[in-house]
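What follows is a single structure, written as structure tokens, with notes after it.
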Amino acid sequence: MAADIRIVPCLTDNFGYLIHDRSSGATASIDAPEAAPLIAALEKEGWKLTDILVTHHHGDHVGGIAELKKKYHCRVVAPHDANAKIADADLRVEEGDVVKVGGLSARVLETPGHTLDHISYVFDDDRALFAADTLFSIGCGRVFEGTYPMMWESLLKLRALPDDYKLYCGHEYTASNVKFALTIEPDNAALQARAKQVEQQRGAGQPTIPVTLGEEKQANVFLRADVPAVAAAIGFAGESAADVFGEIRERKNNS
Ligand code: ZN
Ligand code: FE
């Protein structure tokens with residue numbers, strides 16, 4: 001593999017990520033929740049930050065940009081957005097654009113719902129998906145700006161990626177997501193297995209990320225709104241997948 005990926009815990013429960021291209025020395029941060037831990041991780045590795053790939057405008061994803069840009073003079077890549085909410089952007093990208101980080105390539109997928117500007121980055125050569133607050137392990141982001149059908153379409157776009165791709169998401173919410181998902185699918189064997197694994201990982205103080213998309217497709221109830229048994233479990237048999245998804249998301253909001 002050409003890329004080295006480091007997980008950098010930030011703020012209370014955000015994941016910062018560094019992806020480094022050994023051949024060129026380029027290093028990108030996926031979002032910038034907080035500058036200090038990212039700077040510490042860069043210094044520990046002896047890497048220099050060349051790019052920040054921003055997924056959406058929320059403060060816990062952009063709060064470290066100004067300081068990092070001042071220190072490293074790095075390029076800031078942000079979603080195309082008519083309101084240009086991310087002020088520090090040097091390059092604005094949209095669906096289908098490819099962002100180069102040295103010799104690495106990231107494909108941009110528009111995944112609106114959590115926010116309207118939300119994008120995800122896919123490094124196909126490295127089988128890595130950075131989905132920020134669209135897709136969490138065993139969960140998904142709250143739908144703040146978009147609609148449930150819009151968010152469901154975004155999740156379908158991510159679900160269409162190959163099973164061996166690894167998910168790197170924006171927050172360490174997995175344990176609470178597992179607890180909720182078990183209320184809907186208590187008999188899902190893949191979810192039960194993930195629950196055991198997450199308990200061990202959290203007990204050992206380890207992150208629950210990354211996880212393969214193949215595992216998520218089996219265990220993440222938010223990716224399973226079109227499974228008849230899931231619809232039936234919430235009393236929505238025969239309803240549209242978007243409506244089933246919306247009901248599950250509502251229940252999580254109220255859990
Ligand atoms: Zn967010
Ligand atoms: Fe967030």
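Lettering and numbering for the structure tokens are positional, with chains as A, B, ... in the shown order, residues counted from 1 in each chain, and ligands counted from 1 in the shown order.
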Using only C-alpha atoms and all ligand atoms, what table do you get, as CSV, when you list each residue of chain A with an atom no more than 8 Å from ligand 1, its nearest pair of atoms, and their distance in Å rounded to one decimal, rows by chain then rising number?
residue,atom,partner,partner_atom_place_in_ligand_line,distance
A:His56,CA,ligand 1,1 (Zn),6.8
A:His57,CA,ligand 1,1 (Zn),7.4
A:His58,CA,ligand 1,1 (Zn),5.0
A:Gly59,CA,ligand 1,1 (Zn),7.7
A:Asp60,CA,ligand 1,1 (Zn),6.9
A:His61,CA,ligand 1,1 (Zn),6.9
A:His114,CA,ligand 1,1 (Zn),6.7
A:Thr115,CA,ligand 1,1 (Zn),7.2
A:Ala132,CA,ligand 1,1 (Zn),7.4
A:Asp133,CA,ligand 1,1 (Zn),5.2
A:Gly141,CA,ligand 1,1 (Zn),7.3
A:Gly170,CA,ligand 1,1 (Zn),7.9
Would you output that residue set with C-alpha atoms, as a PDB file, in the first residue's frame?
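File written: out.pdb
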ATOM      1  CA  HIS A  56     -18.476  19.774   5.693  1.00  0.00           C
ATOM      2  CA  HIS A  57     -18.725  23.101   7.458  1.00  0.00           C
ATOM      3  CA  HIS A  58     -19.452  22.064  11.063  1.00  0.00           C
ATOM      4  CA  GLY A  59     -17.138  23.569  13.666  1.00  0.00           C
ATOM      5  CA  ASP A  60     -15.894  20.221  14.954  1.00  0.00           C
ATOM      6  CA  HIS A  61     -14.544  19.491  11.442  1.00  0.00           C
ATOM      7  CA  HIS A 114     -26.303  15.696   7.612  1.00  0.00           C
ATOM      8  CA  THR A 115     -25.470  19.024   5.945  1.00  0.00           C
ATOM      9  CA  ALA A 132     -17.136  11.966   8.242  1.00  0.00           C
ATOM     10  CA  ASP A 133     -20.682  12.507   9.570  1.00  0.00           C
ATOM     11  CA  GLY A 141     -25.127  11.302  11.086  1.00  0.00           C
ATOM     12  CA  GLY A 170     -15.988  11.359  11.887  1.00  0.00           C
TER      13      GLY A 170
END
Within 7 Å of range 171-188 of chain A using only C-alpha atoms, minus same-chain residues under 3 positions, as a list in words: Asp13, Asn14, Phe15, Ser137, Ile138, Gly139, Leu191, Gln192, Ala195, Val198, Thr208, Val221, Ala233 and Lys252 of chain A
For those residues, write C-alpha atoms to a file as a compact mmCIF listing (two decimals), in the first residue's frame.
# COMPACT_ATOMS: atom_id res chain seq x y z
CA ASP A 13 -15.13 12.10 20.32
CA ASN A 14 -13.97 13.30 16.89
CA PHE A 15 -11.58 11.33 14.73
CA SER A 137 -19.91 2.54 12.31
CA ILE A 138 -23.35 1.04 13.09
CA GLY A 139 -24.82 4.50 12.70
CA LEU A 191 -24.41 -6.94 14.80
CA GLN A 192 -23.95 -9.21 17.81
CA ALA A 195 -21.08 -5.57 19.67
CA VAL A 198 -16.61 -2.99 20.14
CA THR A 208 -13.48 1.04 16.82
CA VAL A 221 -29.18 -0.96 10.63
CA ALA A 233 -39.26 -4.93 13.01
CA LYS A 252 -32.21 7.12 17.33
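DSSP on the backbone gives strand (DSSP E) for these parts of range 111-196 of chain A: Ile119, Ser120, Tyr121, Val122, Phe123, Ala128, Leu129, Phe130, Ala131, Ala132, Leu135, Phe136, Gly139, Cys140, Lys166, Leu167, Tyr168 and Cys169 of chain A.
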Residues from last step as file, N, CA and C atoms, as a PDB file, in the first residue's frame:
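Saved result, part.pdb, follows:
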ATOM      1  N   ILE A 119     -19.460  16.185   1.785  1.00  0.00           N
ATOM      2  CA  ILE A 119     -18.870  15.284   0.792  1.00  0.00           C
ATOM      3  C   ILE A 119     -18.049  14.220   1.511  1.00  0.00           C
ATOM      4  N   SER A 120     -17.812  13.112   0.811  1.00  0.00           N
ATOM      5  CA  SER A 120     -16.955  12.046   1.322  1.00  0.00           C
ATOM      6  C   SER A 120     -15.809  11.859   0.339  1.00  0.00           C
ATOM      7  N   TYR A 121     -14.683  11.357   0.836  1.00  0.00           N
ATOM      8  CA  TYR A 121     -13.500  11.154   0.007  1.00  0.00           C
ATOM      9  C   TYR A 121     -13.186   9.664  -0.062  1.00  0.00           C
ATOM     10  N   VAL A 122     -13.004   9.150  -1.275  1.00  0.00           N
ATOM     11  CA  VAL A 122     -12.703   7.731  -1.480  1.00  0.00           C
ATOM     12  C   VAL A 122     -11.322   7.595  -2.118  1.00  0.00           C
ATOM     13  N   PHE A 123     -10.411   6.940  -1.417  1.00  0.00           N
ATOM     14  CA  PHE A 123      -9.083   6.626  -1.964  1.00  0.00           C
ATOM     15  C   PHE A 123      -9.150   5.197  -2.494  1.00  0.00           C
ATOM     16  N   ALA A 128      -9.953   3.007   0.951  1.00  0.00           N
ATOM     17  CA  ALA A 128     -10.307   3.774   2.149  1.00  0.00           C
ATOM     18  C   ALA A 128     -11.405   4.785   1.840  1.00  0.00           C
ATOM     19  N   LEU A 129     -12.425   4.795   2.694  1.00  0.00           N
ATOM     20  CA  LEU A 129     -13.535   5.751   2.593  1.00  0.00           C
ATOM     21  C   LEU A 129     -13.531   6.650   3.824  1.00  0.00           C
ATOM     22  N   PHE A 130     -13.446   7.950   3.605  1.00  0.00           N
ATOM     23  CA  PHE A 130     -13.564   8.918   4.696  1.00  0.00           C
ATOM     24  C   PHE A 130     -14.948   9.554   4.585  1.00  0.00           C
ATOM     25  N   ALA A 131     -15.849   9.127   5.459  1.00  0.00           N
ATOM     26  CA  ALA A 131     -17.267   9.470   5.325  1.00  0.00           C
ATOM     27  C   ALA A 131     -17.737  10.481   6.369  1.00  0.00           C
ATOM     28  N   ALA A 132     -16.827  10.931   7.243  1.00  0.00           N
ATOM     29  CA  ALA A 132     -17.136  11.966   8.242  1.00  0.00           C
ATOM     30  C   ALA A 132     -18.478  11.702   8.927  1.00  0.00           C
ATOM     31  N   LEU A 135     -21.727   8.535   7.338  1.00  0.00           N
ATOM     32  CA  LEU A 135     -21.819   7.134   7.780  1.00  0.00           C
ATOM     33  C   LEU A 135     -20.886   6.900   8.953  1.00  0.00           C
ATOM     34  N   PHE A 136     -21.454   6.505  10.072  1.00  0.00           N
ATOM     35  CA  PHE A 136     -20.662   6.067  11.230  1.00  0.00           C
ATOM     36  C   PHE A 136     -20.677   4.546  11.285  1.00  0.00           C
ATOM     37  N   GLY A 139     -23.956   3.330  12.590  1.00  0.00           N
ATOM     38  CA  GLY A 139     -24.818   4.503  12.702  1.00  0.00           C
ATOM     39  C   GLY A 139     -24.708   5.388  11.485  1.00  0.00           C
ATOM     40  N   CYS A 140     -25.325   6.544  11.588  1.00  0.00           N
ATOM     41  CA  CYS A 140     -25.167   7.568  10.557  1.00  0.00           C
ATOM     42  C   CYS A 140     -25.352   8.914  11.228  1.00  0.00           C
ATOM     43  N   LYS A 166     -12.330   0.192   3.650  1.00  0.00           N
ATOM     44  CA  LYS A 166     -12.415   0.469   5.083  1.00  0.00           C
ATOM     45  C   LYS A 166     -13.072   1.815   5.327  1.00  0.00           C
ATOM     46  N   LEU A 167     -13.943   1.822   6.319  1.00  0.00           N
ATOM     47  CA  LEU A 167     -14.639   3.050   6.708  1.00  0.00           C
ATOM     48  C   LEU A 167     -13.852   3.783   7.800  1.00  0.00           C
ATOM     49  N   TYR A 168     -13.561   5.059   7.525  1.00  0.00           N
ATOM     50  CA  TYR A 168     -12.996   5.969   8.523  1.00  0.00           C
ATOM     51  C   TYR A 168     -14.020   7.088   8.703  1.00  0.00           C
ATOM     52  N   CYS A 169     -14.686   7.120   9.843  1.00  0.00           N
ATOM     53  CA  CYS A 169     -15.793   8.061  10.032  1.00  0.00           C
ATOM     54  C   CYS A 169     -15.391   9.193  10.977  1.00  0.00           C
TER      55      CYS A 169
END
Nearest to ligand 2: which of A:Ala78, A:Phe144, A:Asp51, A:Ile65 is it, counting only C-alpha atoms and all ligand atoms? A:Phe144
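By chain and then residue number, the residues within 8 Å of range 104-108 of chain A are Ala2, Ala3, Asp21, Val93, Glu94, Glu95, Gly96, Asp97, Val98, Val99, Lys100, Val101, Gly102, Glu110, Ile119, Ser120, Tyr121, Val122, Phe123, Asp124 and Asp125 of chain A, counting only C-alpha atoms and disregarding those fewer than 2 positions away in sequence.
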Write the residues of the selection above to a file with N, CA, C and O atoms, as a short mmCIF file (atom, residue, chain, number, x, y, z; two decimals), in the first residue's frame.
data_model
loop_
_atom_site.label_atom_id
_atom_site.label_comp_id
_atom_site.auth_asym_id
_atom_site.auth_seq_id
_atom_site.Cartn_x
_atom_site.Cartn_y
_atom_site.Cartn_z
N ALA A 2 0.43 2.19 -0.76
CA ALA A 2 1.19 3.43 -0.90
C ALA A 2 0.95 4.38 0.25
O ALA A 2 1.79 5.21 0.56
N ALA A 3 -0.23 4.27 0.87
CA ALA A 3 -0.60 5.29 1.87
C ALA A 3 -0.49 4.76 3.29
O ALA A 3 -0.84 3.63 3.58
N ASP A 21 1.53 9.94 1.80
CA ASP A 21 2.06 9.28 0.61
C ASP A 21 3.57 9.15 0.77
O ASP A 21 4.29 10.15 0.73
N VAL A 93 -14.57 21.48 -4.48
CA VAL A 93 -14.76 20.27 -5.27
C VAL A 93 -16.20 19.78 -5.19
O VAL A 93 -16.93 20.11 -4.27
N GLU A 94 -16.56 19.00 -6.19
CA GLU A 94 -17.90 18.44 -6.24
C GLU A 94 -17.85 17.00 -6.78
O GLU A 94 -16.78 16.50 -7.10
N GLU A 95 -19.01 16.38 -6.84
CA GLU A 95 -19.15 14.98 -7.26
C GLU A 95 -18.27 14.66 -8.47
O GLU A 95 -18.32 15.34 -9.49
N GLY A 96 -17.48 13.61 -8.33
CA GLY A 96 -16.68 13.13 -9.46
C GLY A 96 -15.31 13.77 -9.56
O GLY A 96 -14.46 13.26 -10.30
N ASP A 97 -15.07 14.86 -8.87
CA ASP A 97 -13.73 15.45 -8.89
C ASP A 97 -12.74 14.50 -8.23
O ASP A 97 -13.10 13.72 -7.34
N VAL A 98 -11.51 14.58 -8.68
CA VAL A 98 -10.44 13.77 -8.08
C VAL A 98 -9.41 14.72 -7.50
O VAL A 98 -8.94 15.63 -8.17
N VAL A 99 -9.11 14.52 -6.21
CA VAL A 99 -8.14 15.36 -5.51
C VAL A 99 -6.85 14.58 -5.38
O VAL A 99 -6.86 13.43 -4.91
N LYS A 100 -5.74 15.19 -5.77
CA LYS A 100 -4.43 14.53 -5.64
C LYS A 100 -3.76 14.96 -4.34
O LYS A 100 -3.72 16.15 -4.02
N VAL A 101 -3.26 13.99 -3.61
CA VAL A 101 -2.43 14.26 -2.43
C VAL A 101 -1.09 13.61 -2.76
O VAL A 101 -0.92 12.40 -2.56
N GLY A 102 -0.15 14.37 -3.30
CA GLY A 102 1.05 13.76 -3.84
C GLY A 102 0.63 12.75 -4.91
O GLY A 102 -0.11 13.09 -5.83
N GLU A 110 -20.54 13.37 -3.39
CA GLU A 110 -21.45 14.24 -2.65
C GLU A 110 -22.40 13.36 -1.84
O GLU A 110 -23.06 12.49 -2.39
N ILE A 119 -19.46 16.19 1.79
CA ILE A 119 -18.87 15.28 0.79
C ILE A 119 -18.05 14.22 1.51
O ILE A 119 -17.65 14.38 2.67
N SER A 120 -17.81 13.11 0.81
CA SER A 120 -16.96 12.05 1.32
C SER A 120 -15.81 11.86 0.34
O SER A 120 -15.94 12.17 -0.84
N TYR A 121 -14.68 11.36 0.84
CA TYR A 121 -13.50 11.15 0.01
C TYR A 121 -13.19 9.66 -0.06
O TYR A 121 -13.09 9.00 0.98
N VAL A 122 -13.00 9.15 -1.28
CA VAL A 122 -12.70 7.73 -1.48
C VAL A 122 -11.32 7.60 -2.12
O VAL A 122 -11.10 8.10 -3.22
N PHE A 123 -10.41 6.94 -1.42
CA PHE A 123 -9.08 6.63 -1.96
C PHE A 123 -9.15 5.20 -2.49
O PHE A 123 -8.92 4.24 -1.75
N ASP A 124 -9.49 5.06 -3.78
CA ASP A 124 -9.74 3.73 -4.32
C ASP A 124 -8.51 2.83 -4.25
O ASP A 124 -8.62 1.66 -3.91
N ASP A 125 -7.34 3.38 -4.58
CA ASP A 125 -6.13 2.54 -4.58
C ASP A 125 -5.83 2.01 -3.18
O ASP A 125 -5.18 0.97 -3.04
#
Choose the residue, out of A:Pro228, A:Pro9, A:Gly63, A:Gly103, that has the smallest atom-to-atom separation from Gly25 in chain A; count only C-alpha atoms. A:Gly103
Near Ile30 in chain A, counting only C-alpha atoms, which residues have an atom at most 6 Å away, once you skip same-chain residues fewer than 3 positions from it, shown as a list in words? Tyr17, Ile52 and Leu53 of chain A
Nearest to Leu155 in chain A, chosen from A:Glu45, A:Asp31, A:Glu216, A:Glu199, with only C-alpha atoms counted in the distances: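 Checking each of A:Glu45, A:Asp31, A:Glu216, A:Glu199 against Leu155 in chain A, counting only C-alpha atoms, the winner is A:Glu216.
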